[in-house]
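The structure appears right after this line, and notes come after that.
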Amino acid sequence: MIMALKNRLQNLTLYIGLLYLVVSCNTKYPPLAGLKVFRYNEHSNISSLDPAFAKTLANIWGVNQLFNGLVQLDDSLHVAPDIAKSWVLSPDGKTYTFTLRKDVFFHQHELFGKDSTRHVVAQDFTYSFNRLKDPKVASPGGWILQTVKSYKAVNDSVFQINLTQAFPPFLGLLAMKYCSVVPKEAVDYFGDEFRSNPIGTGPFKFKLWVENTKLVYLRNTNYYESDSAGKHLPYLDAVAITFLPDKQNEFLQLIQGNLDFITGLDPSYKDDIIDFNGQLNPQYTNQLYMLTGAYLNTEYLGFLIDSKKNNAIQNIWLRKAINYGFNRRKMIRFLRNGIGTPAVNGFIPKGLPAFNNLKGYNYNPEKAREYLKKYTLETGDTNPRISINTDANYLDLCEYIQRELQKIGLEVAVNVNPPATLRQAKANGKFSVFRASWIADYPDSENYLSLFYSKNLAPNGPNYTHFNNAAFDALYERSFSAVTLNERYNLYQKMDSLIISNAPIVPLYYDQVVRFVQKNITGLNVNPINALQLKWVKKN
C-alpha cells in the first residue's frame, strides 16, 4: 500500500513537472515567479465565471474573487455593506433603498475607453437584475427575484427594490453571487463568452483560463476595500487554480506543498490525515493546520409521505422506529472520523441562530422495537421492509444504518444510484426512502423550513417528502410578518418541532466545514456556508 502510494506520488510529480514546463514555455501564461500566489485545486471543475451561473460551490468560489454585490456576508453570516454602503427599510418591510459607494470601479479593460475603467452606478444593478431574470439568459438564480415587485435606479448613487410582501431573509438573498453587478459593455461585447471573459469589481481580476488545466487571477489594484490600518486589499498578488479531478491526488499535492489548502474529508485520505477523534495526525502538524466549523448542511434520509402510496413508511410508528434505531454518535465517530455533529435535535443545523436544542431522536433500540410493534399491530405487517436509495458517496453510511435497523427487526435494502438519477427520482417522487442533504442557499432558517411547506411540493419546489401539515403552513406564513428576530426564531423553532414529531425525515448529522491549510497561510477563515474569501489572506 505504501509503495503504491509512493509510486503514485512519483508519477503525479512527473506529470505536474511536465505541466509546469509546458505552462512556463507558453507565453499565454502570466509569469508568477516571485509573486505571493495562493494556489488551490478545484476537483469539481468550474463551468462558468459568470455570476448569473454561480450555482455550484466551485463556480461560487471562482466568482466570489471577481465580483461584488450590494451586500455581503461576514464569517458569522451577518449581512454587511458591500457596494451599498448603507440601506433603509420601509416600515412595512417591503421597500429597500440602497445608497452606493462612489469609489467602486469595474476591472480595467479597453472596453471602457481611454480610462480603461469606470465607476459602478445604480443603473448597473438595474441591468444586472434584468439580466438575472431574462429567460434568454436562463440563469438558475432567477428565483431570487420572485418576491421582487420592482426595482429602479433613483439616481447614480441610489438603488431601490420593492417587494410584493415583506420577506425578512431578503438581504441574505442579495448576498448570493447571482446578484453581483456586471457591466453591460462587457456582456454586450462578449455575449455567451462572458463566462470565460469575466469583468467585475472584486479584489482579483481575471487573467487566464485554460479550461480543465489552470485558471489565474491577478490582484485588482483599484479594489475599494482596505484593512483597519488603511492598507488596500487584497494582500495576495495572484490566485492560481488547478483542476485535478482526483481527491487523493489533490491531497498529495497539498502534502508536497504545491497547494495552499484543501477542503473536505475524502475517504481516500481521511484516515491518513486525521484520527478517529477528528484531530490532525502528528506527522502533519509541522506543515499544516486544521480549521473546522459549523456548516449549514443537514444530511438526512427523506420519506415520501403520500396518502396515495401503499407502503410501510406511510406509518408514523415505522418512521419513528427508524429514527430511534441507530447510533448517530457512533456513525460520526467511525465513519466520519468525528467530523460532523450527530443530528439529535431538529432539522435546522448548528450555525444558525434559530438552531433548536429540542429533544430529537437519540439512539434507543428499546423504543425502536416498541414502535415497530405498534406498526405491526396497526397494519398487520409482520415483516416490514424498506429500501434506502443513495449514491456511492454515502453508501457506507446507509449500509451502517441498514445493519443497525436489521438488529431491531426491520429488513432494509440499499440501492445505489448515479447522483443525477437520485436527484431526478427524488424530485419526481419515485423513491419512498432517499438519502439527501440540504445546503443553505442563504443564511436563514426559512431556507430549511421551506422544504416542508405544502405549496413547495417537488418537482416545482424543494418539498421532496410531500409533507403537508396545516399547523406548519400557518406558522411558516406567519414568520414573514414577524416584527422582531426573536419572534421569527420562535416560529422557526415551533416549525422545527413539528417536523421532528411527524418524522417525515431521519436527520443524520449536521455537517462541518473542514480545511487543511499550509502553515505559511494566514487570514483564511471558515464560515457556515463554506465560502472562500481570499481578500484577507496573507502568504508568508
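Identifiers for the C-alpha cells are assigned positionally: chains receive A, B, ... in sequence, residues are indexed from 1 per chain, and ligands are indexed from 1 in the order shown.
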
DSSP helix (DSSP H, G or I) residues within range 289-534 of chain A, listed as a ChimeraX atom specification = /A:312-314,316-324,328-335,365-379,392-407,419-427,446-452,454-456,470-479,485-502

task = May I have the residues within 9 Å of Asn502 in chain A as a PyMOL selection string, using only C-alpha atoms and disregarding those fewer than 2 positions away in the same chain?
result = chain A and resi 316+319-320+497-500+504-505

Deliver the residues from the most recent selection as a file, using C-alpha atoms, as a CSV table (one decimal), in the first residue's frame.
```csv
chain,number,residue,atom,x,y,z
A,316,ILE,CA,-45.6,7.2,11.6
A,319,ARG,CA,-40.7,6.3,10.7
A,320,LYS,CA,-40.1,6.9,14.4
A,497,SER,CA,-40.5,20.7,16.5
A,498,LEU,CA,-43.5,19.8,14.2
A,499,ILE,CA,-41.1,18.3,11.7
A,500,ILE,CA,-39.4,16.1,14.3
A,504,PRO,CA,-41.0,12.9,7.5
A,505,ILE,CA,-37.2,12.7,7.6
```

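Of the listed residues A:Leu318, A:Lys494, A:His109, A:Asn428, the one whose atoms come nearest to Pro384 in chain A is A:Leu318, with distances taken using only C-alpha atoms.
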
task = Identify which of the residues A:Leu145, A:Val187, A:Ala84, A:Ile339 lies closest to Ala294 in chain A, counting only C-alpha atoms when measuring atom-to-atom distances.
result = A:Ile339

task = Measuring atom to atom with only C-alpha atoms, identify which of A:Ile401, A:Arg219, A:Asn249, A:Ser157 is nearest to Leu236 in chain A.
result =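 Closest residue, counting only C-alpha atoms: A:Arg219.
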
message = Here is a test: counting only C-alpha atoms, which residue of A:Thr117, A:Ser76, A:Gln518, A:Thr465 is nearest to Ala503 in chain A?
response = A:Thr465

message = Applying 12 Å and only C-alpha atoms, which residues near range 471-477 of chain A remain after dropping the ones on its own chain fewer than 5 positions away? List them as a ChimeraX atom specification.
response = /A:165-168,445-456,482,487-502

ask   = Out of A:Asp381, A:Asp237, A:Glu399, A:Glu225, which residue has the shortest atom-to-atom distance to Gly202 in chain A when counting only C-alpha atoms?
value =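 Counting only C-alpha atoms, the residue closest to Gly202 in chain A is A:Glu225.
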
task = Mind checking which residues fall within 10 Å of Asn222 in chain A, counting only C-alpha atoms, ignoring those fewer than 2 positions away in the same chain, and posting them as a ChimeraX atom specification?
result = /A:103-108,117,201-204,219-220,224-225,232-233

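Compared by their closest atoms to Asn540 in chain A, and using only C-alpha atoms, the residues A:Tyr223, A:Phe194, A:Phe159, A:Tyr235 rank with A:Tyr235 nearest.
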
task = as a ChimeraX atom specification, list the residues of range 24-80 of chain A assigned to strand (DSSP E or B) by DSSP on the backbone atoms of this structure.
result = /A:37-41,71-73,79-80

Any chance you could tabulate, as CSV, the residues of range 434-454 of chain A at most 8 Å from range 172-175 of chain A with each one's nearest atom pair and distance in Å to one decimal, using only C-alpha atoms, in chain and rising number order?
```
residue,atom,partner,partner_atom,distance
A:Asp441,CA,A:Leu173,CA,7.8
A:Tyr442,CA,A:Gly172,CA,5.6
A:Pro443,CA,A:Gly172,CA,6.2
A:Asp444,CA,A:Gly172,CA,7.5
```

ask   = Near Thr213 in chain A, within 8 Å and counting only C-alpha atoms, which residues show up once chain neighbours fewer than 4 positions away are dropped, as a ChimeraX atom specification?
value = /A:209,242-244

Who sits within 6 Å of Gly278 in chain A, only C-alpha atoms, same chain under 2 positions skipped, as an NGL selection string = :A and (274-276 or 337-339)

inquiry  = Can you tell me which residues surround range 133-137 of chain A at a distance of at most 12 Å, considering only C-alpha atoms, apart from same-chain residues fewer than 5 positions away, and format the answer as a list in words?
reply    =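 Those residues are Asp50, Pro51, Ala52, Phe53, Thr126, Tyr127, Ser128, Gly142, Trp143, Ile144, Leu145, Gln146, Val148, Tyr178, Cys179, Val187, Gly191, Asp192, Phe194 and Arg195 of chain A.
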
Give me a file of those residues, with N, CA and C atoms, as a short mmCIF file (atom, residue, chain, number, x, y, z; two decimals), in the first residue's frame.
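What follows is the written file selection_38.cif:
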```cif
data_model
loop_
_atom_site.label_atom_id
_atom_site.label_comp_id
_atom_site.auth_asym_id
_atom_site.auth_seq_id
_atom_site.Cartn_x
_atom_site.Cartn_y
_atom_site.Cartn_z
N ASP A 50 -19.36 33.50 -14.94
CA ASP A 50 -20.45 34.47 -15.00
C ASP A 50 -21.27 34.32 -13.71
N PRO A 51 -21.42 35.38 -12.92
CA PRO A 51 -22.16 35.23 -11.66
C PRO A 51 -23.61 34.79 -11.84
N ALA A 52 -24.19 34.99 -13.01
CA ALA A 52 -25.55 34.52 -13.26
C ALA A 52 -25.65 33.00 -13.22
N PHE A 53 -24.48 32.33 -13.27
CA PHE A 53 -24.46 30.87 -13.24
C PHE A 53 -23.64 30.35 -12.05
N THR A 126 -29.62 47.77 -12.10
CA THR A 126 -30.84 47.57 -12.88
C THR A 126 -30.57 46.61 -14.04
N TYR A 127 -29.49 46.84 -14.75
CA TYR A 127 -29.12 45.97 -15.86
C TYR A 127 -28.84 44.54 -15.38
N SER A 128 -28.09 44.41 -14.30
CA SER A 128 -27.71 43.08 -13.80
C SER A 128 -28.92 42.29 -13.33
N GLY A 142 -32.53 33.06 -11.08
CA GLY A 142 -33.64 33.99 -11.26
C GLY A 142 -34.68 33.93 -10.16
N TRP A 143 -34.76 32.79 -9.45
CA TRP A 143 -35.75 32.64 -8.39
C TRP A 143 -35.54 33.64 -7.25
N ILE A 144 -34.34 34.17 -7.12
CA ILE A 144 -34.05 35.13 -6.05
C ILE A 144 -34.99 36.34 -6.13
N LEU A 145 -35.40 36.69 -7.33
CA LEU A 145 -36.22 37.89 -7.52
C LEU A 145 -37.72 37.59 -7.55
N GLN A 146 -38.12 36.39 -7.13
CA GLN A 146 -39.53 36.01 -7.16
C GLN A 146 -40.39 36.91 -6.28
N VAL A 148 -39.72 40.01 -5.66
CA VAL A 148 -39.46 41.41 -6.02
C VAL A 148 -40.55 41.91 -6.97
N TYR A 178 -25.24 35.38 -7.39
CA TYR A 178 -26.13 35.66 -8.51
C TYR A 178 -26.38 37.16 -8.66
N CYS A 179 -26.42 37.87 -7.52
CA CYS A 179 -26.81 39.28 -7.51
C CYS A 179 -25.64 40.23 -7.71
N VAL A 187 -20.81 42.41 -21.26
CA VAL A 187 -21.76 41.36 -21.64
C VAL A 187 -22.17 41.52 -23.09
N GLY A 191 -20.90 38.49 -25.17
CA GLY A 191 -22.04 37.60 -25.34
C GLY A 191 -21.93 36.38 -24.44
N ASP A 192 -22.16 35.20 -25.00
CA ASP A 192 -22.08 33.95 -24.22
C ASP A 192 -20.68 33.70 -23.68
N PHE A 194 -18.90 35.71 -22.13
CA PHE A 194 -18.64 36.42 -20.87
C PHE A 194 -18.31 35.43 -19.76
N ARG A 195 -18.79 34.20 -19.88
CA ARG A 195 -18.49 33.15 -18.90
C ARG A 195 -17.00 32.92 -18.74
#
```
